[in-house]
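Participant: Below is model-v9.pdb; it holds PDB, C-alpha atoms.
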ATOM      1  CA  MET A 748     -65.485 -75.803-240.537
ATOM      2  CA  PRO A 749     -68.776 -77.703-240.140
ATOM      3  CA  ALA A 750     -68.893 -80.617-237.736
ATOM      4  CA  PRO A 751     -68.906 -84.108-239.244
ATOM      5  CA  ALA A 752     -72.359 -85.544-239.893
ATOM      6  CA  SER A 753     -73.699 -87.818-237.228
ATOM      7  CA  GLY A 754     -74.653 -91.433-237.712
ATOM      8  CA  GLY A 755     -73.548 -93.719-240.491
ATOM      9  CA  ALA A 756     -72.557 -97.333-240.551
ATOM     10  CA  CYS A 757     -68.915 -96.744-239.670
ATOM     11  CA  SER A 758     -67.286 -94.408-237.213
ATOM     12  CA  LEU A 759     -63.715 -93.190-237.413
ATOM     13  CA  THR A 760     -60.978 -94.019-234.912
ATOM     14  CA  LEU A 761     -58.807 -91.201-233.504
ATOM     15  CA  ALA A 762     -55.952 -92.092-235.903
ATOM     16  CA  GLN A 763     -58.377 -92.096-238.849
ATOM     17  CA  GLU A 764     -59.791 -88.737-237.730
ATOM     18  CA  MET A 765     -56.282 -87.242-237.703
ATOM     19  CA  ASP A 766     -55.603 -88.638-241.184
ATOM     20  CA  THR A 767     -59.034 -87.423-242.271
ATOM     21  CA  GLU A 768     -58.257 -83.886-241.081
ATOM     22  CA  ASP A 769     -55.027 -83.895-243.090
ATOM     23  CA  ILE A 770     -56.700 -85.251-246.221
ATOM     24  CA  ILE A 771     -59.589 -82.790-246.002
ATOM     25  CA  SER A 772     -57.142 -79.892-245.568
ATOM     26  CA  ARG A 773     -55.200 -81.017-248.652
ATOM     27  CA  VAL A 774     -58.385 -81.529-250.701
ATOM     28  CA  LEU A 775     -59.521 -77.998-249.833
ATOM     29  CA  ALA A 776     -56.083 -76.609-250.732
ATOM     30  CA  ARG A 777     -56.106 -78.462-254.065
ATOM     31  CA  ILE A 778     -59.544 -77.069-254.899
ATOM     32  CA  ARG A 779     -58.492 -73.521-253.944
ATOM     33  CA  SER A 780     -55.369 -73.785-256.105
ATOM     34  CA  ASP A 781     -57.328 -74.907-259.189
ATOM     35  CA  ARG A 782     -57.078 -72.215-261.860
ATOM     36  CA  SER A 783     -59.132 -74.072-264.474
ATOM     37  CA  GLY A 784     -62.454 -73.634-262.683
ATOM     38  CA  PHE A 785     -63.040 -77.366-263.124
ATOM     39  CA  GLN A 786     -63.058 -78.119-259.393
ATOM     40  CA  ARG A 787     -66.486 -76.861-258.266
ATOM     41  CA  PRO A 788     -67.780 -78.628-255.152
ATOM     42  CA  ASP A 789     -71.537 -78.893-254.797
ATOM     43  CA  PRO A 790     -73.009 -77.798-251.444
ATOM     44  CA  PRO A 791     -72.357 -80.309-248.632
ATOM     45  CA  VAL A 792     -74.452 -83.454-248.458
ATOM     46  CA  THR A 793     -77.240 -83.571-245.895
ATOM     47  CA  ASP A 794     -77.693 -86.476-243.483
ATOM     48  CA  GLU A 795     -80.954 -87.296-245.294
ATOM     49  CA  SER A 796     -79.327 -87.379-248.761
ATOM     50  CA  TRP A 797     -76.516 -89.593-247.467
ATOM     51  CA  ARG A 798     -79.023 -91.952-245.823
ATOM     52  CA  GLN A 799     -81.074 -92.102-249.049
ATOM     53  CA  THR A 800     -77.953 -92.837-251.100
ATOM     54  CA  GLU A 801     -76.803 -95.703-248.870
ATOM     55  CA  GLU A 802     -80.360 -97.027-248.742
ATOM     56  CA  ALA A 803     -80.636 -96.893-252.550
ATOM     57  CA  ILE A 804     -77.389 -98.797-253.109
ATOM     58  CA  GLY A 805     -77.859-101.147-250.163
ATOM     59  CA  PHE A 806     -74.530-100.840-248.346
ATOM     60  CA  PRO A 807     -72.310 -98.293-246.583
ATOM     61  CA  LEU A 808     -69.875 -96.115-248.526
ATOM     62  CA  PRO A 809     -66.355 -95.300-247.270
ATOM     63  CA  PRO A 810     -66.347 -93.148-244.100
ATOM     64  CA  LEU A 811     -63.822 -90.730-245.641
ATOM     65  CA  LEU A 812     -66.103 -90.194-248.653
ATOM     66  CA  ARG A 813     -68.880 -89.165-246.267
ATOM     67  CA  GLU A 814     -66.580 -86.758-244.437
ATOM     68  CA  LEU A 815     -65.509 -85.201-247.738
ATOM     69  CA  TYR A 816     -69.110 -84.829-248.914
ATOM     70  CA  VAL A 817     -70.145 -83.273-245.587
ATOM     71  CA  ARG A 818     -67.174 -80.950-245.112
ATOM     72  CA  VAL A 819     -65.965 -80.151-248.648
ATOM     73  CA  GLY A 820     -68.979 -80.690-250.889
ATOM     74  CA  ASN A 821     -71.273 -83.320-252.333
ATOM     75  CA  GLY A 822     -69.019 -84.179-255.292
ATOM     76  CA  GLY A 823     -67.928 -81.884-258.121
ATOM     77  CA  TYR A 824     -64.198 -82.062-257.345
ATOM     78  CA  GLY A 825     -61.475 -84.679-257.491
ATOM     79  CA  PRO A 826     -59.701 -86.784-260.112
ATOM     80  CA  GLY A 827     -60.808 -87.162-263.705
ATOM     81  CA  TYR A 828     -64.101 -85.455-264.461
ATOM     82  CA  THR A 829     -64.648 -85.061-260.680
ATOM     83  CA  LEU A 830     -66.504 -87.170-258.125
ATOM     84  CA  ARG A 831     -70.165 -87.977-258.554
ATOM     85  CA  GLY A 832     -72.170 -86.814-255.569
ATOM     86  CA  ALA A 833     -74.610 -88.603-253.329
ATOM     87  CA  ILE A 834     -78.312 -88.063-254.104
ATOM     88  CA  GLY A 835     -78.869 -84.340-254.671
ATOM     89  CA  GLY A 836     -75.188 -83.660-255.387
ATOM     90  CA  ALA A 837     -72.900 -83.417-258.395
ATOM     91  CA  THR A 838     -73.730 -85.562-261.397
ATOM     92  CA  ASP A 839     -71.680 -86.862-264.311
ATOM     93  CA  ASP A 840     -72.231 -85.951-267.951
ATOM     94  CA  ASN A 841     -75.154 -88.419-268.056
ATOM     95  CA  GLY A 842     -76.810 -86.646-265.127
ATOM     96  CA  TRP A 843     -76.127 -89.554-262.749
ATOM     97  CA  ASP A 844     -75.161 -89.320-259.092
ATOM     98  CA  LEU A 845     -73.513 -92.253-257.263
ATOM     99  CA  ALA A 846     -76.789 -94.111-256.672
ATOM    100  CA  GLU A 847     -78.062 -93.624-260.235
ATOM    101  CA  TYR A 848     -74.752 -94.753-261.755
ATOM    102  CA  TYR A 849     -74.714 -97.858-259.564
ATOM    103  CA  SER A 850     -78.326 -98.820-260.227
ATOM    104  CA  GLY A 851     -77.883 -98.182-263.955
ATOM    105  CA  GLN A 852     -74.823-100.413-264.078
ATOM    106  CA  ARG A 853     -76.506-103.131-262.000
ATOM    107  CA  GLU A 854     -79.462-103.192-264.427
ATOM    108  CA  GLY A 855     -77.028-104.345-267.069
ATOM    109  CA  ASP A 856     -77.216-104.466-270.836
ATOM    110  CA  PRO A 857     -80.195-106.422-272.220
ATOM    111  CA  ASP A 858     -78.114-107.279-275.295
ATOM    112  CA  CYS A 859     -75.387-108.814-273.096
ATOM    113  CA  PRO A 860     -77.088-110.242-269.985
ATOM    114  CA  GLU A 861     -73.912-112.080-268.944
ATOM    115  CA  TRP A 862     -72.226-108.720-268.319
ATOM    116  CA  ILE A 863     -73.118-108.318-264.672
ATOM    117  CA  TRP A 864     -71.825-105.290-262.756
ATOM    118  CA  PRO A 865     -70.241-106.448-259.473
ATOM    119  CA  ALA A 866     -72.325-105.879-256.337
ATOM    120  CA  GLY A 867     -70.806-103.224-254.091
ATOM    121  CA  LEU A 868     -68.655-101.595-256.797
ATOM    122  CA  ILE A 869     -69.357 -97.849-256.943
ATOM    123  CA  GLY A 870     -68.196 -95.748-259.889
ATOM    124  CA  LEU A 871     -66.858 -92.591-258.245
ATOM    125  CA  ASN A 872     -65.889 -90.625-261.347
ATOM    126  CA  ASP A 873     -65.438 -90.717-265.102
ATOM    127  CA  TRP A 874     -62.284 -90.299-267.150
ATOM    128  CA  GLY A 875     -64.094 -90.180-270.509
ATOM    129  CA  CYS A 876     -64.937 -93.013-272.908
ATOM    130  CA  ALA A 877     -66.976 -94.719-270.117
ATOM    131  CA  ILE A 878     -63.778 -95.328-268.095
ATOM    132  CA  ALA A 879     -64.314 -94.995-264.329
ATOM    133  CA  SER A 880     -62.484 -95.258-261.045
ATOM    134  CA  CYS A 881     -64.554 -97.361-258.671
ATOM    135  CA  VAL A 882     -64.413 -98.270-254.999
ATOM    136  CA  ASP A 883     -65.190-101.797-253.834
ATOM    137  CA  CYS A 884     -67.459-101.357-250.819
ATOM    138  CA  THR A 885     -67.593-105.120-250.125
ATOM    139  CA  VAL A 886     -63.952-105.340-249.006
ATOM    140  CA  PRO A 887     -62.480-103.865-245.814
ATOM    141  CA  GLY A 888     -60.237-100.925-246.607
ATOM    142  CA  PHE A 889     -62.334 -99.959-249.653
ATOM    143  CA  PRO A 890     -59.870-100.811-252.456
ATOM    144  CA  MET A 891     -60.064 -99.013-255.780
ATOM    145  CA  VAL A 892     -60.930-100.865-258.996
ATOM    146  CA  GLY A 893     -60.609 -99.390-262.456
ATOM    147  CA  PHE A 894     -63.286 -99.972-265.091
ATOM    148  CA  ASP A 895     -62.417 -99.675-268.788
ATOM    149  CA  PRO A 896     -65.077-101.171-271.070
ATOM    150  CA  ASN A 897     -63.366-100.172-274.302
ATOM    151  CA  GLY A 898     -62.705-103.240-276.392
ATOM    152  CA  LEU A 899     -65.650-105.278-275.120
ATOM    153  CA  ASP A 900     -66.647-108.161-277.369
ATOM    154  CA  PRO A 901     -70.272-109.263-276.837
ATOM    155  CA  ASP A 902     -69.313-112.790-277.856
ATOM    156  CA  ASP A 903     -66.440-113.103-275.373
ATOM    157  CA  GLN A 904     -67.247-113.021-271.624
ATOM    158  CA  ASP A 905     -63.537-112.710-270.818
ATOM    159  CA  THR A 906     -63.492-109.196-272.259
ATOM    160  CA  TRP A 907     -66.037-108.154-269.593
ATOM    161  CA  SER A 908     -63.874-109.563-266.787
ATOM    162  CA  ALA A 909     -60.829-107.820-268.243
ATOM    163  CA  SER A 910     -62.677-104.493-267.998
ATOM    164  CA  PHE A 911     -62.220-104.501-264.199
ATOM    165  CA  VAL A 912     -58.691-103.652-263.082
ATOM    166  CA  PRO A 913     -58.005-104.157-259.355
ATOM    167  CA  SER A 914     -55.771-101.592-257.712
ATOM    168  CA  GLU A 915     -53.461-101.892-254.739
ATOM    169  CA  VAL A 916     -54.614 -98.561-253.300
ATOM    170  CA  SER A 917     -57.560 -97.842-251.041
ATOM    171  CA  PHE A 918     -60.041 -95.040-251.563
ATOM    172  CA  ASP A 919     -58.316 -93.073-248.786
ATOM    173  CA  GLU A 920     -54.921 -93.433-250.514
ATOM    174  CA  TRP A 921     -56.403 -92.605-253.921
ATOM    175  CA  ILE A 922     -58.062 -89.354-252.846
ATOM    176  CA  SER A 923     -55.091 -88.454-250.638
ATOM    177  CA  ALA A 924     -52.722 -88.809-253.594
ATOM    178  CA  TRP A 925     -54.957 -86.548-255.676
ATOM    179  CA  ALA A 926     -55.119 -84.002-252.845
ATOM    180  CA  SER A 927     -51.306 -83.961-252.769
ATOM    181  CA  GLY A 928     -51.131 -83.154-256.484
ATOM    182  CA  ASP A 929     -50.390 -86.689-257.676
ATOM    183  CA  GLU A 930     -53.166 -87.223-260.240
ATOM    184  CA  PRO A 931     -54.258 -90.872-260.148
ATOM    185  CA  LYS A 932     -53.776 -92.660-263.433
ATOM    186  CA  GLN A 933     -56.769 -93.363-265.614
ATOM    187  CA  PRO A 934     -57.655 -97.078-265.384
ATOM    188  CA  GLN A 935     -56.791 -99.195-268.424
ATOM    189  CA  ARG A 936     -58.156-102.622-269.196
ATOM    190  CA  ARG A 937     -55.994-105.692-268.882
ATOM    191  CA  ILE A 938     -54.754-107.095-272.161
ATOM    192  CA  GLY A 939     -54.217-110.821-272.621
TER
END
Mind turning this structure into structure tokens?
Facilitator:
Amino acid sequence: MPAPASGGACSLTLAQEMDTEDIISRVLARIRSDRSGFQRPDPPVTDESWRQTEEAIGFPLPPLLRELYVRVGNGGYGPGYTLRGAIGGATDDNGWDLAEYYSGQREGDPDCPEWIWPAGLIGLNDWGCAIASCVDCTVPGFPMVGFDPNGLDPDDQDTWSASFVPSEVSFDEWISAWASGDEPKQPQRRIG
């Protein structure tokens, strides 16, 4: 197994490293057990690609995500339509990696300039119909946030706010649940 990449904004504690080893082992087992051929990790991320990705978005990503991209592959596996990779890795059906998705969302919609994508919110994957599971990189613990834009009304700002669904699980818990065979639920917008 390759050694973890050096550097990065955050280092792991011994307890986190032990949890990381367990999660990585379960992710690898889940990928190996996939009979659909849908789970196809890209080659591992390089230190340079990771640095470019964090530089492009302007903040550090979760340490476990880096470990997964270094030791399992640069996206192409995971919940939904799989994880987007860092620069040079797996892309979604629009051809976007993590940095491209984030910058595209931050640019916004010229027809609805009040719809502003939250700073630090990274869309990790797609579920179809523009629905995404995101990680909030501005909050310690990296909580997950669902994004479901279906039902947006350009004349009602509240529909934009309702598109973001906070979760009580962290990125580590989210990917760990998937690795254990418990498929995370597709985010759904709040109603009312």
Participant: List as an MDAnalysis selection string the protein and nucleic acid residues near Arg813 of chain A, meaning an atom at most 10 Å away when all atoms listed in the file are counted, but skip any in the same chain fewer than 3 places from it.
Facilitator: chainID A and resid 751:752 755 791:792 794 797 807:810 816:821 833
Participant: Print the selection's residues with C-alpha atoms to a file, as a compact mmCIF listing (two decimals), keeping the file's coordinate frame.
Facilitator:
# COMPACT_ATOMS: atom_id res chain seq x y z
CA PRO A 751 -68.91 -84.11 -239.24
CA ALA A 752 -72.36 -85.54 -239.89
CA GLY A 755 -73.55 -93.72 -240.49
CA PRO A 791 -72.36 -80.31 -248.63
CA VAL A 792 -74.45 -83.45 -248.46
CA ASP A 794 -77.69 -86.48 -243.48
CA TRP A 797 -76.52 -89.59 -247.47
CA PRO A 807 -72.31 -98.29 -246.58
CA LEU A 808 -69.88 -96.12 -248.53
CA PRO A 809 -66.36 -95.30 -247.27
CA PRO A 810 -66.35 -93.15 -244.10
CA TYR A 816 -69.11 -84.83 -248.91
CA VAL A 817 -70.14 -83.27 -245.59
CA ARG A 818 -67.17 -80.95 -245.11
CA VAL A 819 -65.96 -80.15 -248.65
CA GLY A 820 -68.98 -80.69 -250.89
CA ASN A 821 -71.27 -83.32 -252.33
CA ALA A 833 -74.61 -88.60 -253.33
Participant: Name the residues that the PyMOL selection byres ((chain A and resi 921) around 10) pulls out of this structure, and write them as a PDB file with C-alpha atoms, in the coordinates of the input.
Facilitator:
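Saved to result.pdb:
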ATOM      1  CA  PRO A 826     -59.701 -86.784-260.112  1.00  0.00           C
ATOM      2  CA  SER A 880     -62.484 -95.258-261.045  1.00  0.00           C
ATOM      3  CA  VAL A 882     -64.413 -98.270-254.999  1.00  0.00           C
ATOM      4  CA  PRO A 890     -59.870-100.811-252.456  1.00  0.00           C
ATOM      5  CA  MET A 891     -60.064 -99.013-255.780  1.00  0.00           C
ATOM      6  CA  SER A 914     -55.771-101.592-257.712  1.00  0.00           C
ATOM      7  CA  GLU A 915     -53.461-101.892-254.739  1.00  0.00           C
ATOM      8  CA  VAL A 916     -54.614 -98.561-253.300  1.00  0.00           C
ATOM      9  CA  SER A 917     -57.560 -97.842-251.041  1.00  0.00           C
ATOM     10  CA  PHE A 918     -60.041 -95.040-251.563  1.00  0.00           C
ATOM     11  CA  ASP A 919     -58.316 -93.073-248.786  1.00  0.00           C
ATOM     12  CA  GLU A 920     -54.921 -93.433-250.514  1.00  0.00           C
ATOM     13  CA  ILE A 922     -58.062 -89.354-252.846  1.00  0.00           C
ATOM     14  CA  SER A 923     -55.091 -88.454-250.638  1.00  0.00           C
ATOM     15  CA  ALA A 924     -52.722 -88.809-253.594  1.00  0.00           C
ATOM     16  CA  TRP A 925     -54.957 -86.548-255.676  1.00  0.00           C
ATOM     17  CA  ALA A 926     -55.119 -84.002-252.845  1.00  0.00           C
ATOM     18  CA  ASP A 929     -50.390 -86.689-257.676  1.00  0.00           C
ATOM     19  CA  GLU A 930     -53.166 -87.223-260.240  1.00  0.00           C
ATOM     20  CA  PRO A 931     -54.258 -90.872-260.148  1.00  0.00           C
ATOM     21  CA  LYS A 932     -53.776 -92.660-263.433  1.00  0.00           C
TER      22      LYS A 932
END
Participant: Find the distance between atom CA of Asp766 of chain A and atom CA of Glu814 of chain A and write it in Å to one decimal.
Facilitator: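 Between these atoms lies a distance of 11.6 Å.
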Participant: List the residues matched by the PyMOL selection byres ((chain A and resi 896) around 9) in the displayed structure as a PDB file with C-alpha atoms, in the coordinates of the input, ordered by chain and then by residue number.
Facilitator:
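Below is the file part-v4.pdb, written as the result:
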ATOM      1  CA  CYS A 876     -64.937 -93.013-272.908  1.00  0.00           C
ATOM      2  CA  ALA A 877     -66.976 -94.719-270.117  1.00  0.00           C
ATOM      3  CA  ILE A 878     -63.778 -95.328-268.095  1.00  0.00           C
ATOM      4  CA  PHE A 894     -63.286 -99.972-265.091  1.00  0.00           C
ATOM      5  CA  ASP A 895     -62.417 -99.675-268.788  1.00  0.00           C
ATOM      6  CA  ASN A 897     -63.366-100.172-274.302  1.00  0.00           C
ATOM      7  CA  GLY A 898     -62.705-103.240-276.392  1.00  0.00           C
ATOM      8  CA  LEU A 899     -65.650-105.278-275.120  1.00  0.00           C
ATOM      9  CA  THR A 906     -63.492-109.196-272.259  1.00  0.00           C
ATOM     10  CA  TRP A 907     -66.037-108.154-269.593  1.00  0.00           C
ATOM     11  CA  ALA A 909     -60.829-107.820-268.243  1.00  0.00           C
ATOM     12  CA  SER A 910     -62.677-104.493-267.998  1.00  0.00           C
ATOM     13  CA  PHE A 911     -62.220-104.501-264.199  1.00  0.00           C
ATOM     14  CA  GLN A 935     -56.791 -99.195-268.424  1.00  0.00           C
ATOM     15  CA  ARG A 936     -58.156-102.622-269.196  1.00  0.00           C
TER      16      ARG A 936
END
Participant: Ranking A:Cys859, A:Thr793, A:Gly867, A:Gly832 by minimum distance to Asp903 of chain A and counting only C-alpha atoms, which one comes first?
Facilitator: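 The shortest atom-to-atom distance to Asp903 of chain A comes from A:Cys859.
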Participant: In Å to one decimal, how far is atom CA of Asp873 of chain A from atom CA of Ala776 of chain A?
Facilitator: 22.2 Å
Participant: Using all atoms listed in the file, pick whichever of A:Leu775, A:Cys884, A:Ala837, A:Leu845 has the shortest atom-to-atom distance to Phe806 of chain A.
Facilitator: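 Residue with the minimum atom-to-atom distance to Phe806 of chain A: A:Cys884.
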Participant: What is the atom CA of Ile834 of chain A-atom CA of Phe889 of chain A distance in Å, reported with one decimal?
Facilitator: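 About the pair atom CA of Ile834 of chain A and atom CA of Phe889 of chain A: they are 20.4 Å apart.
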Participant: Rank nothing, just name the residue among A:Gly822, A:Leu815, A:Gln799, A:Ile869 nearest to Phe785 of chain A, using all atoms listed in the file.
Facilitator: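 Checking each candidate against Phe785 of chain A, we get A:Gly822 as the closest.
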Participant: Please write as a ChimeraX atom specification the full residue list that the PyMOL selection byres ((chain A and resi 848) around 10) yields on this file.
Facilitator: /A:804,831,838-839,841-847,849-853,869-872
Participant: Let's have the selection written as a PDB file, in the coordinates of the input, with C-alpha atoms.
Facilitator:
ATOM      1  CA  ILE A 804     -77.389 -98.797-253.109  1.00  0.00           C
ATOM      2  CA  ARG A 831     -70.165 -87.977-258.554  1.00  0.00           C
ATOM      3  CA  THR A 838     -73.730 -85.562-261.397  1.00  0.00           C
ATOM      4  CA  ASP A 839     -71.680 -86.862-264.311  1.00  0.00           C
ATOM      5  CA  ASN A 841     -75.154 -88.419-268.056  1.00  0.00           C
ATOM      6  CA  GLY A 842     -76.810 -86.646-265.127  1.00  0.00           C
ATOM      7  CA  TRP A 843     -76.127 -89.554-262.749  1.00  0.00           C
ATOM      8  CA  ASP A 844     -75.161 -89.320-259.092  1.00  0.00           C
ATOM      9  CA  LEU A 845     -73.513 -92.253-257.263  1.00  0.00           C
ATOM     10  CA  ALA A 846     -76.789 -94.111-256.672  1.00  0.00           C
ATOM     11  CA  GLU A 847     -78.062 -93.624-260.235  1.00  0.00           C
ATOM     12  CA  TYR A 849     -74.714 -97.858-259.564  1.00  0.00           C
ATOM     13  CA  SER A 850     -78.326 -98.820-260.227  1.00  0.00           C
ATOM     14  CA  GLY A 851     -77.883 -98.182-263.955  1.00  0.00           C
ATOM     15  CA  GLN A 852     -74.823-100.413-264.078  1.00  0.00           C
ATOM     16  CA  ARG A 853     -76.506-103.131-262.000  1.00  0.00           C
ATOM     17  CA  ILE A 869     -69.357 -97.849-256.943  1.00  0.00           C
ATOM     18  CA  GLY A 870     -68.196 -95.748-259.889  1.00  0.00           C
ATOM     19  CA  LEU A 871     -66.858 -92.591-258.245  1.00  0.00           C
ATOM     20  CA  ASN A 872     -65.889 -90.625-261.347  1.00  0.00           C
TER      21      ASN A 872
END
Participant: Return the padded bounding box of segment 786-791 of chain A as lines of an AutoDock Vina configuration file: axis-aligned, built from all atoms listed in the file, 6 Å added on each side, with centre and edge lengths in Å to one decimal.
Facilitator:
center_x = -68.0
center_y = -78.6
center_z = -254.0
size_x = 22.0
size_y = 15.4
size_z = 22.8
Participant: Restricting the calculation to all atoms listed in the file, which member of A:Asp905, A:Val892, A:Trp874, A:Cys881 is positioned closest to Glu861 of chain A?
Facilitator: A:Asp905
Participant: Distance cut-off 10 Å, centre (-74.2, -112.1, -269.6) in file coordinates, counting only C-alpha atoms: which residues qualify? Return them as a list in words.
Facilitator: Gly855, Asp856, Pro857, Asp858, Cys859, Pro860, Glu861, Trp862, Ile863, Trp864, Pro901, Asp902, Asp903, Gln904 and Trp907 of chain A
